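**Q** My file is start10.txt. It has compact mmCIF, C-alpha atoms:
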# COMPACT_ATOMS: atom_id res chain seq x y z
CA MET E 1 -9.86 -61.78 -8.74
CA ARG E 2 -8.78 -59.26 -11.33
CA GLN E 3 -6.62 -56.48 -9.93
CA LYS E 4 -7.29 -52.95 -11.05
CA THR E 5 -4.23 -51.58 -12.84
CA SER E 6 -3.27 -47.94 -12.79
CA ASN E 7 -2.22 -45.97 -15.84
CA PRO E 8 -0.03 -43.01 -14.70
CA GLU E 9 -0.79 -41.04 -17.87
CA SER E 10 -4.50 -41.63 -17.45
CA ASP E 11 -4.38 -40.63 -13.77
CA GLY E 12 -2.47 -37.48 -14.64
CA SER E 13 -4.92 -36.45 -17.32
CA GLU E 14 -7.83 -37.03 -14.96
CA ILE E 15 -6.24 -34.80 -12.31
CA LEU E 16 -5.56 -32.10 -14.89
CA GLY E 17 -9.11 -32.39 -16.10
CA ARG E 18 -10.46 -31.90 -12.58
CA GLU E 19 -8.17 -28.91 -12.05
CA GLU E 20 -9.33 -27.31 -15.30
CA LYS E 21 -12.97 -27.85 -14.34
CA SER E 22 -12.29 -26.33 -10.93
CA LYS E 23 -10.64 -23.29 -12.49
CA ALA E 24 -13.49 -22.89 -14.95
CA GLY E 25 -16.02 -23.12 -12.14
CA GLY E 26 -14.15 -20.55 -10.07
CA SER E 27 -13.92 -18.21 -13.04
CA GLN E 28 -17.65 -18.58 -13.71
CA THR E 29 -18.46 -17.79 -10.07
CA LEU E 30 -16.23 -14.70 -10.18
CA HIS E 31 -17.91 -13.43 -13.36
CA ARG E 32 -21.34 -14.03 -11.85
CA GLY E 33 -20.34 -12.07 -8.77
CA LEU E 34 -19.16 -9.15 -10.89
CA ASP E 35 -22.35 -9.31 -12.98
CA LEU E 36 -24.37 -9.26 -9.77
CA LEU E 37 -22.65 -6.05 -8.65
CA ASP E 38 -23.56 -4.46 -11.96
CA GLN E 39 -27.23 -5.26 -11.33
CA VAL E 40 -27.19 -3.53 -7.93
CA ILE E 41 -25.59 -0.28 -9.09
CA ASP E 42 -28.91 1.57 -9.42
CA GLY E 43 -30.07 0.84 -5.86
CA PRO E 44 -31.70 -1.87 -3.74
CA ILE E 45 -33.09 -4.82 -5.67
CA LYS E 46 -35.19 -7.71 -4.38
CA LEU E 47 -34.11 -11.32 -4.77
CA ALA E 48 -36.82 -12.19 -7.33
CA ASP E 49 -35.85 -9.27 -9.59
CA LEU E 50 -32.16 -9.96 -9.13
CA SER E 51 -32.66 -13.61 -10.02
CA GLU E 52 -34.56 -12.66 -13.18
CA ARG E 53 -31.93 -10.13 -14.29
CA MET E 54 -29.13 -12.62 -13.67
CA GLY E 55 -30.93 -15.45 -15.47
CA LEU E 56 -30.31 -17.74 -12.49
CA THR E 57 -32.55 -19.69 -10.15
CA ARG E 58 -33.55 -18.03 -6.90
CA SER E 59 -31.52 -20.50 -4.84
CA THR E 60 -28.34 -19.91 -6.88
CA THR E 61 -28.82 -16.14 -6.78
CA HIS E 62 -29.49 -16.29 -3.03
CA ARG E 63 -26.28 -18.25 -2.36
CA LEU E 64 -24.21 -15.91 -4.53
CA ALA E 65 -25.70 -12.74 -3.03
CA ASN E 66 -25.26 -13.99 0.53
CA ALA E 67 -21.61 -14.79 -0.16
CA MET E 68 -21.18 -11.19 -1.36
CA VAL E 69 -22.91 -9.95 1.81
CA ASP E 70 -20.53 -12.01 3.97
CA ARG E 71 -17.55 -10.33 2.29
CA GLY E 72 -19.05 -6.85 2.57
CA PHE E 73 -19.55 -6.29 -1.16
CA LEU E 74 -23.34 -6.23 -0.70
CA THR E 75 -25.74 -5.29 2.09
CA PHE E 76 -29.20 -6.79 2.57
CA LEU E 77 -32.05 -4.48 3.62
CA PRO E 78 -35.27 -6.15 4.83
CA ARG E 79 -38.22 -5.47 2.49
CA GLU E 80 -35.93 -3.61 0.07
CA GLY E 81 -33.36 -6.15 -1.04
CA TYR E 82 -29.67 -6.06 -1.86
CA GLN E 83 -27.56 -2.94 -2.33
CA LEU E 84 -23.85 -2.16 -2.63
CA GLY E 85 -21.92 -2.78 0.58
CA PRO E 86 -19.26 -1.01 2.66
CA LYS E 87 -16.35 -2.98 1.21
CA LEU E 88 -16.84 -1.20 -2.11
CA LEU E 89 -16.70 2.18 -0.36
CA GLN E 90 -13.42 1.18 1.26
CA LEU E 91 -11.91 -0.08 -2.00
CA GLY E 92 -13.12 2.98 -3.87
CA PHE E 93 -11.58 5.30 -1.32
CA LEU E 94 -8.27 3.43 -1.42
CA ALA E 95 -8.19 3.38 -5.21
CA GLN E 96 -8.96 7.10 -5.35
CA SER E 97 -6.34 8.01 -2.76
CA GLN E 98 -3.68 5.91 -4.47
CA THR E 99 -4.42 7.45 -7.85
CA ASP E 100 -4.95 11.01 -6.71
CA VAL E 101 -1.91 11.26 -4.47
CA VAL E 102 0.42 10.85 -7.47
CA GLN E 103 -1.37 13.54 -9.48
CA ILE E 104 -1.74 15.88 -6.51
CA ALA E 105 1.84 15.45 -5.34
CA ARG E 106 3.53 15.78 -8.75
CA PRO E 107 3.79 19.62 -8.93
CA HIS E 108 5.09 19.75 -5.36
CA LEU E 109 7.68 17.07 -6.12
CA GLU E 110 8.81 18.98 -9.21
CA THR E 111 9.14 22.22 -7.24
CA LEU E 112 11.19 20.51 -4.53
CA ALA E 113 13.43 18.77 -7.08
CA ALA E 114 14.04 22.01 -8.98
CA ALA E 115 14.87 23.98 -5.82
CA SER E 116 17.21 21.32 -4.40
CA GLU E 117 18.58 19.92 -7.69
CA ASP E 118 18.23 16.48 -6.10
CA VAL E 119 16.11 13.39 -6.77
CA VAL E 120 12.65 13.38 -5.19
CA HIS E 121 10.53 10.28 -4.62
CA LEU E 122 6.92 9.64 -3.70
CA GLY E 123 5.93 6.34 -2.12
CA ARG E 124 3.34 4.58 -0.01
CA LEU E 125 3.03 1.55 2.20
CA ASP E 126 2.52 -1.71 0.32
CA GLY E 127 2.18 -4.56 2.77
CA GLU E 128 5.39 -4.32 4.75
CA GLN E 129 7.48 -2.54 2.12
CA ALA E 130 7.71 0.95 0.68
CA LEU E 131 6.32 1.12 -2.87
CA TYR E 132 7.78 3.91 -5.03
CA LEU E 133 4.99 5.66 -6.96
CA ASP E 134 6.86 8.54 -8.60
CA LYS E 135 10.41 9.82 -9.13
CA ILE E 136 11.62 13.25 -10.24
CA PRO E 137 15.25 13.23 -11.43
CA GLY E 138 17.69 15.74 -10.03
CA ARG E 139 20.14 17.94 -11.92
CA ARG E 140 23.26 16.54 -10.30
CA ARG E 141 25.20 13.69 -11.87
CA VAL E 142 24.14 11.23 -9.18
CA GLU E 143 22.95 7.73 -9.99
CA ILE E 144 20.20 6.46 -7.70
CA SER E 145 19.01 2.96 -8.55
CA SER E 146 15.37 3.40 -7.51
CA ARG E 147 12.60 3.07 -10.11
CA ILE E 148 8.86 3.65 -10.07
CA GLY E 149 7.25 0.39 -8.98
CA ASP E 150 10.23 -0.70 -6.87
CA ARG E 151 9.63 -1.95 -3.34
CA HIS E 152 12.20 -1.31 -0.63
CA PRO E 153 12.50 -2.19 3.07
CA LEU E 154 10.72 0.14 5.47
CA THR E 155 13.33 0.24 8.21
CA SER E 156 16.37 1.07 6.07
CA THR E 157 14.93 3.76 3.79
CA GLY E 158 14.10 7.34 4.68
CA LEU E 159 10.77 7.04 2.86
CA GLY E 160 9.94 3.80 4.67
CA LYS E 161 10.74 5.27 8.08
CA ALA E 162 8.51 8.27 7.32
CA LEU E 163 5.67 5.84 6.59
CA LEU E 164 6.27 4.19 9.99
CA ILE E 165 6.24 7.35 12.11
CA ASP E 166 2.75 6.65 13.53
CA ASP E 167 3.36 2.96 14.19
CA SER E 168 4.07 1.44 17.60
CA GLU E 169 7.57 0.60 18.78
CA ALA E 170 6.53 -3.06 18.90
CA THR E 171 5.79 -2.89 15.17
CA TRP E 172 9.08 -1.10 14.55
CA ARG E 173 11.01 -3.83 16.34
CA ARG E 174 9.34 -6.66 14.46
CA LEU E 175 9.89 -5.00 11.07
CA PHE E 176 13.47 -4.09 11.99
CA GLU E 177 14.31 -7.68 12.92
CA GLU E 178 12.67 -9.04 9.76
CA ASP E 179 14.53 -6.57 7.55
CA GLN E 180 17.82 -7.31 9.28
CA ALA E 181 17.29 -11.03 8.79
CA ALA E 182 16.61 -10.34 5.10
CA GLY E 183 20.00 -8.63 4.74
CA THR E 184 19.45 -4.89 5.14
CA HIS E 185 22.28 -2.63 6.30
CA PRO E 186 23.37 -3.88 9.75
CA VAL E 187 22.78 -1.46 12.61
CA ASP E 188 22.29 -1.81 16.35
CA TYR E 189 18.59 -1.71 17.24
CA ALA E 190 19.13 0.64 20.18
CA ILE E 191 20.75 3.19 17.86
CA TRP E 192 18.03 2.72 15.23
CA LEU E 193 15.28 3.09 17.84
CA GLU E 194 16.79 6.28 19.25
CA ARG E 195 16.90 7.73 15.74
CA MET E 196 13.29 6.73 15.06
CA ARG E 197 12.12 8.44 18.23
CA GLY E 198 13.92 11.56 17.05
CA TYR E 199 12.28 11.28 13.64
CA VAL E 200 8.85 11.13 15.26
CA ALA E 201 9.60 14.29 17.25
CA ALA E 202 10.93 16.08 14.16
CA GLY E 203 8.19 14.92 11.79
CA ARG E 204 10.70 13.66 9.25
CA SER E 205 13.22 10.85 8.81
CA PHE E 206 16.69 10.23 7.40
CA ASP E 207 18.38 7.51 5.37
CA LEU E 208 22.04 7.57 6.41
CA GLU E 209 23.45 5.36 3.63
CA GLU E 210 21.42 2.46 5.01
CA ASN E 211 19.65 1.45 1.80
CA GLU E 212 22.22 2.35 -0.83
CA ASP E 213 25.93 3.01 -0.39
CA GLN E 214 26.89 6.71 -0.50
CA ILE E 215 23.24 7.82 -0.82
CA ARG E 216 21.48 9.85 1.86
CA CYS E 217 17.96 11.18 2.00
CA VAL E 218 15.47 13.24 3.97
CA ALA E 219 11.82 12.12 4.03
CA ALA E 220 8.50 13.25 5.50
CA PRO E 221 5.01 11.73 5.71
CA ILE E 222 1.95 12.82 3.74
CA ARG E 223 -1.40 12.73 5.56
CA ASP E 224 -5.00 12.68 4.39
CA ALA E 225 -8.01 14.52 5.85
CA SER E 226 -8.21 12.09 8.77
CA GLY E 227 -4.58 12.72 9.69
CA ALA E 228 -3.51 9.21 8.68
CA ILE E 229 -0.22 8.74 6.83
CA VAL E 230 -1.05 7.71 3.25
CA ALA E 231 2.29 8.35 1.51
CA ALA E 232 5.68 9.98 1.96
CA ILE E 233 8.15 12.21 0.11
CA SER E 234 11.90 11.70 0.12
CA LEU E 235 14.73 13.82 -1.26
CA SER E 236 17.88 11.85 -2.09
CA SER E 237 21.42 12.66 -3.20
CA ALA E 238 25.00 11.53 -2.93
CA ALA E 239 26.52 11.73 0.52
CA GLN E 240 29.00 14.37 -0.71
CA TYR E 241 26.05 16.75 -1.25
CA MET E 242 24.20 15.66 1.90
CA ASP E 243 26.29 16.37 4.97
CA ASP E 244 24.57 16.70 8.34
CA ASP E 245 24.11 20.46 8.04
CA ARG E 246 22.44 20.25 4.62
CA MET E 247 20.19 17.41 5.73
CA ALA E 248 19.09 19.55 8.67
CA SER E 249 18.38 22.53 6.43
CA LEU E 250 16.55 20.39 3.86
CA SER E 251 14.30 18.99 6.57
CA ASP E 252 12.17 22.14 6.54
CA ASP E 253 11.83 22.04 2.75
CA VAL E 254 10.83 18.36 2.65
CA ARG E 255 8.40 18.73 5.54
CA ALA E 256 6.85 21.79 3.90
CA ALA E 257 6.41 19.96 0.58
CA ALA E 258 4.81 16.99 2.34
CA GLN E 259 2.48 19.32 4.24
CA ARG E 260 1.42 21.07 1.03
CA VAL E 261 0.50 17.72 -0.52
CA SER E 262 -1.30 16.79 2.71
CA ALA E 263 -3.26 20.04 2.60
CA ASP E 264 -4.31 19.28 -0.98
CA LEU E 265 -5.59 15.92 0.29
CA GLY E 266 -7.72 17.67 2.92
CA TRP E 267 -5.39 17.56 5.92
CA THR E 268 -5.32 20.48 8.35
CA PRO E 269 -2.63 21.13 10.99
CA GLY E 270 -3.56 19.92 14.43
CA VAL E 271 -5.67 16.98 13.27
CA LYS E 272 -4.79 14.06 15.53
CA PRO E 273 -3.99 10.98 13.43
CA PRO E 274 -6.07 7.86 14.08
CA ARG E 275 -4.44 5.24 16.25
CA ARG E 276 -2.85 2.57 14.11
CA PRO E 277 -3.62 -1.01 15.09
CA LEU E 278 -0.66 -3.19 15.99
CA ARG E 279 0.46 -4.83 12.74
CA ARG E 280 1.59 -8.43 13.16
With the file now loaded, output its structure as structure tokens.
**A**
Amino acid sequence: MRQKTSNPESDGSEILGREEKSKAGGSQTLHRGLDLLDQVIDGPIKLADLSERMGLTRSTTHRLANAMVDRGFLTFLPREGYQLGPKLLQLGFLAQSQTDVVQIARPHLETLAAASEDVVHLGRLDGEQALYLDKIPGRRRVEISSRIGDRHPLTSTGLGKALLIDDSEATWRRLFEEDQAAGTHPVDYAIWLERMRGYVAAGRSFDLEENEDQIRCVAAPIRDASGAIVAAISLSSAAQYMDDDRMASLSDDVRAAAQRVSADLGWTPGVKPPRRPLRR
């Protein structure tokens, strides 16, 4: 009996060919999904009309539309058809808030930087890190290594701690332990926790040379109309310009700037922030 021989080069090319076909198929499905959304922009559309506009069979259109419904990108209305779904509202709101907060905050950041002569940052939560969205240089000859687009640990930066003010202590502990394991500035958790509780009470947070040697900062959260924290402001300088007394006095200025940005986003004092789910 003749044994079937294997050609490694042939096998490899076959695998690559299958992978390329799979990628092409996935890309085609993605484009069809995006095209489908374009067809629903003007309002509810029935399956037959949607199929005709897409140039696809009813069964293919039905499968694609139902997949979009499952993910929340479309909604199906009996007797009316498919229309845009709640996921798009959520994504649109997030995109708007992320874009607008930089534009809205910029004049307030510039005013704070000019008055203090120190570096001012704007950032938001990105997964489990602080993403820096904007930076206004100070007038002092102080080098701070941060750049727009940088991501830094939440538990060792003033800005990151401000973003965590509404989170549970269980979330704090988990993030603290993960950051410590990743090599952030070593500190006893009991001390860190006591400070965080104080930051919550004060409505602002400090970085006491925990993220960068000889650099201290004061930070405060920015809230939207619902009261949720959507970003934070931090003011940073060299430790020689940021003793305890100055950090205490700057707290009012940083909080006030954050509150002005919050007000421009629709926030009003006294609005109770929504309860944050436990992040795992």
**Q** Just give me the gap between atom CA of E:Gly270 and atom CA of E:Ala225 in Å, one decimal is fine.
**A**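 A separation of 11.1 Å between them.
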**Q** Report as a tab-separated table: every residue of stretch 148-205 of chain E with an atom at most 12 Å from stretch 226-238 of chain E, its closest pair of atoms, and their distance in Å to one decimal, counting all atoms listed in the file, with rows sorted by chain and ascending residue number.
**A**
residue	atom	partner	partner_atom	distance
E:Leu154	CA	E:Ala232	CA	11.6
E:Thr157	CA	E:Ser234	CA	9.3
E:Gly158	CA	E:Ser234	CA	6.7
E:Leu159	CA	E:Ser234	CA	5.5
E:Gly160	CA	E:Ala232	CA	8.0
E:Lys161	CA	E:Ala232	CA	9.2
E:Ala162	CA	E:Ala232	CA	6.3
E:Leu163	CA	E:Ala232	CA	6.2
E:Leu164	CA	E:Ile229	CA	8.5
E:Ile165	CA	E:Ile229	CA	8.5
E:Asp166	CA	E:Ile229	CA	7.6
E:Asp167	CA	E:Ile229	CA	10.0
E:Gly203	CA	E:Ala232	CA	11.3
E:Arg204	CA	E:Ser234	CA	9.4
E:Ser205	CA	E:Ser234	CA	8.8
**Q** Counting all atoms listed in the file, note down every residue that has an atom within 12 Å of the point (5.9, 17.8, -4.0) (file coordinates), as a VMD selection string.
**A** chain E and resid 101 to 116 119 to 123 134 to 136 219 to 222 231 to 235 253 to 264
**Q** What separation in Å, quoted to one decimal, exists between atom CA of E:Arg223 and atom CA of E:Pro137?
**A**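 So the answer is 23.8 Å.
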**Q** Would you kindly return, as a ChimeraX atom specification, each protein, DNA or RNA residue with an atom no farther than 12 Å from any atom of E:Thr184, considering all atoms listed in the file and excluding same-chain residues fewer than 4 positions away?
**A** /E:152-157,175-180,188,209-213
**Q** Measuring between only C-alpha atoms, which one of E:Tyr199, E:Asp49, E:Arg139, E:Tyr132 shows the shortest distance to E:Ala248?
**A** E:Tyr199
**Q** Mind pulling up the distance from atom CA of E:Ala67 to atom CA of E:Gln39?
**A** 15.7 Å
**Q** Quick one: contact table of stretch 90-171 of chain E to stretch 70-76 of chain E, 12 Å max, nearest atom pair and distance in Å to one decimal per residue, counting only C-alpha atoms, chain and number order, as CSV?
**A**
residue,atom,partner,partner_atom,distance
E:Gln90,CA,E:Gly72,CA,9.9
E:Leu91,CA,E:Phe73,CA,9.9
E:Gly92,CA,E:Phe73,CA,11.6
**Q** Determine the nearest neighbour of E:Gly138 from the options E:Asp118, E:Glu52, E:Asp150, E:Asp42, counting only C-alpha atoms.
**A** E:Asp118
**Q** What's around E:Leu193 at 9 Å? Count only C-alpha atoms, leave out sequence neighbours fewer than 3 positions away in its own chain, and write the answer as a short mmCIF file (atom, residue, chain, number, x, y, z; two decimals) with C-alpha atoms, in the coordinates of the input.
**A**
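Ended up saving to selection20.cif:
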data_model
loop_
_atom_site.label_atom_id
_atom_site.label_comp_id
_atom_site.auth_asym_id
_atom_site.auth_seq_id
_atom_site.Cartn_x
_atom_site.Cartn_y
_atom_site.Cartn_z
CA GLU E 169 7.57 0.60 18.78
CA TRP E 172 9.08 -1.10 14.55
CA ARG E 173 11.01 -3.83 16.34
CA ASP E 188 22.29 -1.81 16.35
CA TYR E 189 18.59 -1.71 17.24
CA ALA E 190 19.13 0.64 20.18
CA MET E 196 13.29 6.73 15.06
CA ARG E 197 12.12 8.44 18.23
CA GLY E 198 13.92 11.56 17.05
#
**Q** Using all atoms listed in the file, which residue out of E:Gly43, E:Leu37, E:Met54, E:Phe93 lies closest to E:Val69?
**A**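 Residue with the minimum atom-to-atom distance to E:Val69: E:Leu37.
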**Q** Build an axis-aligned box that encloses every atom of stretch 246-260 of chain E listed in the file, pad it by 5 Å on each side, and report its centre and edge lengths in Å to one decimal, as lines of an AutoDock Vina configuration file.
**A**
center_x = 11.9
center_y = 19.8
center_z = 4.6
size_x = 31.0
size_y = 15.5
size_z = 18.1
**Q** Quick one: everything within 12 Å of E:Met68, counting all atoms listed in the file, minus sequence neighbours fewer than 4 positions away in the same chain. Send it as an MDAnalysis selection string.
**A** chainID E and resid 29:30 32:37 40 61:64 72:76 82:88
